[in-house]
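In what follows, a structure is listed as structure tokens, so that the remarks can point back to it.
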Amino acid sequence: MNLFKFILPQSIFDFSYLFTSNLFKKFLGFCRELILAYVFGSSLIYANYLLLKTLTDFLSQFTFGNALQANLLPKFSGLFKKYKTLNLNEVFIYSKKISIFLFLSSLLLQFLLIFVVVKKYYVTLIFTSIILSIILSTNFINSLFLTIIQANGDFKKFSIATTFNIFVATFLIYPLSYLFNIFGIVLSRLIGVFALTVKYIKPMLNDNNGYVAKISHKDLNFSVIVLANISLFILLTARFITGLNGANEITYFNYAFVLLNIVLTAFVFNINSILLRKISLNRNTKFLIYSLLVSIPLALMLYFLISNYNIQIVEFIYERGMFNSNDVLETSFFLQSLLPSYIMLIFTSILFQPFFSMGIDKISKYSFNFLIILFSILLILTLYILNNDLSSTDASLLFVNVMSFSALILALTSFIIFRKDEV
């Protein structure tokens, strides 16, 4: 009875909003991937698009989701607790500067990728890269203000806003892809992002009352950003490595990535959002225990299903249109190969949350040391891969397994640091 009294008041409702909306978003995401698999299959133009998208997805991890939550959610949770209402105009002014920098950086890197690695479909991919860069820069502003919504405890509004974005993009993807091929994919995403900005973010700037909140580069610690999104950094880098051979293996990796990512985003990231806010306001590790009690059976069920039914799962979800039986086998291979890393990253993501709740000032030094360790392992791994002349697929799978295990060890270390600070 005490357990229910402790959890039920708001945490259950918060999680239900996040979980329900994410369930619907994952359904929409499935529809989106089914359409893409039906229309493009494992075609080379789609593989090249995924290579560009992986680059922008990688950059977005510095400025999106968990990265901003770990840096800003404890700060804004405290501000809302103290002042109740905030004036966010200064926050918007600062976010525009970062947004412009992201746009230019993304565009330059994608152009280099097109002309050095891809060397095909120049016109289509150049226009695609421009739209992807606009999406990246606009999403930063959206994500910043969505983090503020979560810091205020309004998980219902956050859930509806993010669902609205994906609904619009999914609704438009088939007609736009049919009319404009690869370019139609990014157009559908762009319209969804702008719809979110206009409907939910812009109204937050109309209220000039309250305490004038500000952010600066001091609030965005690079090492914390990397650690907060370490799971997706590892997976996106592995996907990028898979596509560097210029062939279509990246499409198979991506289809498997999408299936496994449902667990990471629909369940684990929702738990993390609530867990981080709860521990930031009330440093109680009971919330971590509840999170682990949910995640352990989830991981076991995931392992059982994919180990035994990976081919059937891929057949049921994807095999239609341009997605053929060979695509099923290749995607199933990546699905099973990535499974151990995903399970490790589930617990890595959860175990890091108490550490992030300590605040930037306390964790910046530790985070920097963790990052040095990860980069050292990455350097050794890169030298090994180059020395042994591994294929892009073998290099990708070796990378994701080694880095996932290393990240899990660091997450356990971070929890020990949190417990010592708590005492």
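Residue numbering restarts at 1 for every chain of the structure tokens, chains are lettered A, B, ... in their displayed order, and ligands are numbered from 1 as they appear.
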I want to know what sits within 12 Å of Pro175 in chain A, based on only C-alpha atoms, with residues of the same chain fewer than 2 positions away left out; could you give that as a PyMOL selection string? chain A and resi 32+35-36+39+169-173+177-185+187-188
Quick one: residues within 10 Å of Tyr200 in chain A, only C-alpha atoms, excluding same-chain residues fewer than 3 positions away - as a ChimeraX atom specification? /A:142,145-146,157-158,160-162,164,195-197,203-205
Residues from last step as file, N, CA, C and O atoms, as a tab-separated table (two decimals), in the first residue's frame:
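See part.tsv below for the written result:
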chain	number	residue	atom	x	y	z
A	142	ASN	N	12.97	23.48	-30.95
A	142	ASN	CA	11.82	22.72	-30.46
A	142	ASN	C	12.18	21.89	-29.24
A	142	ASN	O	11.47	21.87	-28.23
A	145	PHE	N	12.68	23.87	-25.92
A	145	PHE	CA	11.44	24.30	-25.27
A	145	PHE	C	10.60	23.11	-24.80
A	145	PHE	O	9.87	23.21	-23.80
A	146	LEU	N	10.72	21.96	-25.48
A	146	LEU	CA	10.05	20.76	-25.00
A	146	LEU	C	10.67	20.28	-23.68
A	146	LEU	O	9.97	19.77	-22.80
A	157	LYS	N	1.32	17.78	-22.04
A	157	LYS	CA	1.53	18.70	-23.16
A	157	LYS	C	2.71	18.25	-24.01
A	157	LYS	O	2.65	18.29	-25.25
A	158	PHE	N	3.78	17.82	-23.36
A	158	PHE	CA	4.95	17.32	-24.09
A	158	PHE	C	4.58	16.14	-24.96
A	158	PHE	O	4.99	16.05	-26.14
A	160	ILE	N	1.60	15.25	-26.21
A	160	ILE	CA	0.72	15.64	-27.33
A	160	ILE	C	1.51	16.37	-28.40
A	160	ILE	O	1.33	16.13	-29.61
A	161	ALA	N	2.41	17.27	-27.98
A	161	ALA	CA	3.19	18.07	-28.94
A	161	ALA	C	4.07	17.19	-29.82
A	161	ALA	O	4.11	17.35	-31.04
A	162	THR	N	4.79	16.25	-29.21
A	162	THR	CA	5.68	15.40	-29.99
A	162	THR	C	4.91	14.43	-30.87
A	162	THR	O	5.36	14.08	-31.97
A	164	PHE	N	1.98	15.12	-32.24
A	164	PHE	CA	1.46	15.95	-33.32
A	164	PHE	C	2.47	16.09	-34.44
A	164	PHE	O	2.14	15.97	-35.63
A	195	ALA	N	5.16	22.50	-38.01
A	195	ALA	CA	3.83	22.45	-37.38
A	195	ALA	C	3.95	22.46	-35.86
A	195	ALA	O	3.20	23.15	-35.16
A	196	LEU	N	4.91	21.70	-35.33
A	196	LEU	CA	5.17	21.68	-33.89
A	196	LEU	C	5.61	23.05	-33.39
A	196	LEU	O	5.14	23.53	-32.35
A	197	THR	N	6.49	23.69	-34.13
A	197	THR	CA	7.00	25.01	-33.74
A	197	THR	C	5.87	26.03	-33.63
A	197	THR	O	5.77	26.77	-32.64
A	203	PRO	N	3.70	29.86	-28.94
A	203	PRO	CA	2.88	30.41	-27.85
A	203	PRO	C	3.63	30.57	-26.53
A	203	PRO	O	3.26	31.42	-25.71
A	204	MET	N	4.68	29.79	-26.31
A	204	MET	CA	5.43	29.89	-25.05
A	204	MET	C	6.19	31.21	-24.95
A	204	MET	O	6.58	31.63	-23.86
A	205	LEU	N	6.41	31.86	-26.08
A	205	LEU	CA	7.15	33.13	-26.10
A	205	LEU	C	6.24	34.34	-25.93
A	205	LEU	O	6.73	35.46	-25.78
Atomic distance CA of Phe111 in chain A - CA of Ile241 in chain A, expressed in Å with one decimal: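 One can read the CA of Phe111 in chain A to CA of Ile241 in chain A distance as 17.7 Å.
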Per DSSP on the backbone, filter range 162-366 of chain A down to the residues in helix (DSSP H, G or I) and report them as an MDAnalysis selection string. chainID A and resid 162:180 182:205 217:219 222:228 230:243 249:281 286:318 325:356 360:366
Can you list, as a short mmCIF file (atom, residue, chain, number, x, y, z; two decimals) with N, CA and C atoms, in the first residue's frame, every protein, DNA or RNA residue that comes within 7 Å of Leu335 in chain A when you count only C-alpha atoms, leaving out same-chain residues fewer than 3 positions away?
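Below is the file out_4.cif, written as the result:
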data_model
loop_
_atom_site.label_atom_id
_atom_site.label_comp_id
_atom_site.auth_asym_id
_atom_site.auth_seq_id
_atom_site.Cartn_x
_atom_site.Cartn_y
_atom_site.Cartn_z
N ALA A 256 16.64 -2.76 -38.81
CA ALA A 256 16.81 -3.40 -37.50
C ALA A 256 16.88 -2.36 -36.39
N ASN A 310 13.36 -13.75 -34.84
CA ASN A 310 13.83 -12.55 -35.57
C ASN A 310 13.37 -12.54 -37.02
N THR A 331 18.18 -8.11 -42.83
CA THR A 331 17.70 -7.31 -41.69
C THR A 331 17.65 -8.16 -40.42
N SER A 332 17.25 -9.41 -40.54
CA SER A 332 17.20 -10.32 -39.38
C SER A 332 18.59 -10.52 -38.79
N LEU A 338 22.60 -6.95 -33.21
CA LEU A 338 22.57 -5.73 -32.42
C LEU A 338 21.93 -5.91 -31.04
N LEU A 339 21.23 -7.02 -30.85
CA LEU A 339 20.46 -7.24 -29.63
C LEU A 339 21.28 -7.13 -28.34
#
Interatomic distance between CA of Ile380 in chain A and CA of Val116 in chain A? 25.3 Å
Which of these, A:Ile149, A:Phe415, A:Thr56, A:Phe257, has the shortest distance to Ile350 in chain A once you count only C-alpha atoms?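 Among the listed residues, the smallest separation from Ile350 in chain A belongs to A:Phe415.
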Atom-to-atom span, CA of Thr393 in chain A and CA of Val117 in chain A, Å: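 Interatomic distance here is 16.7 Å.
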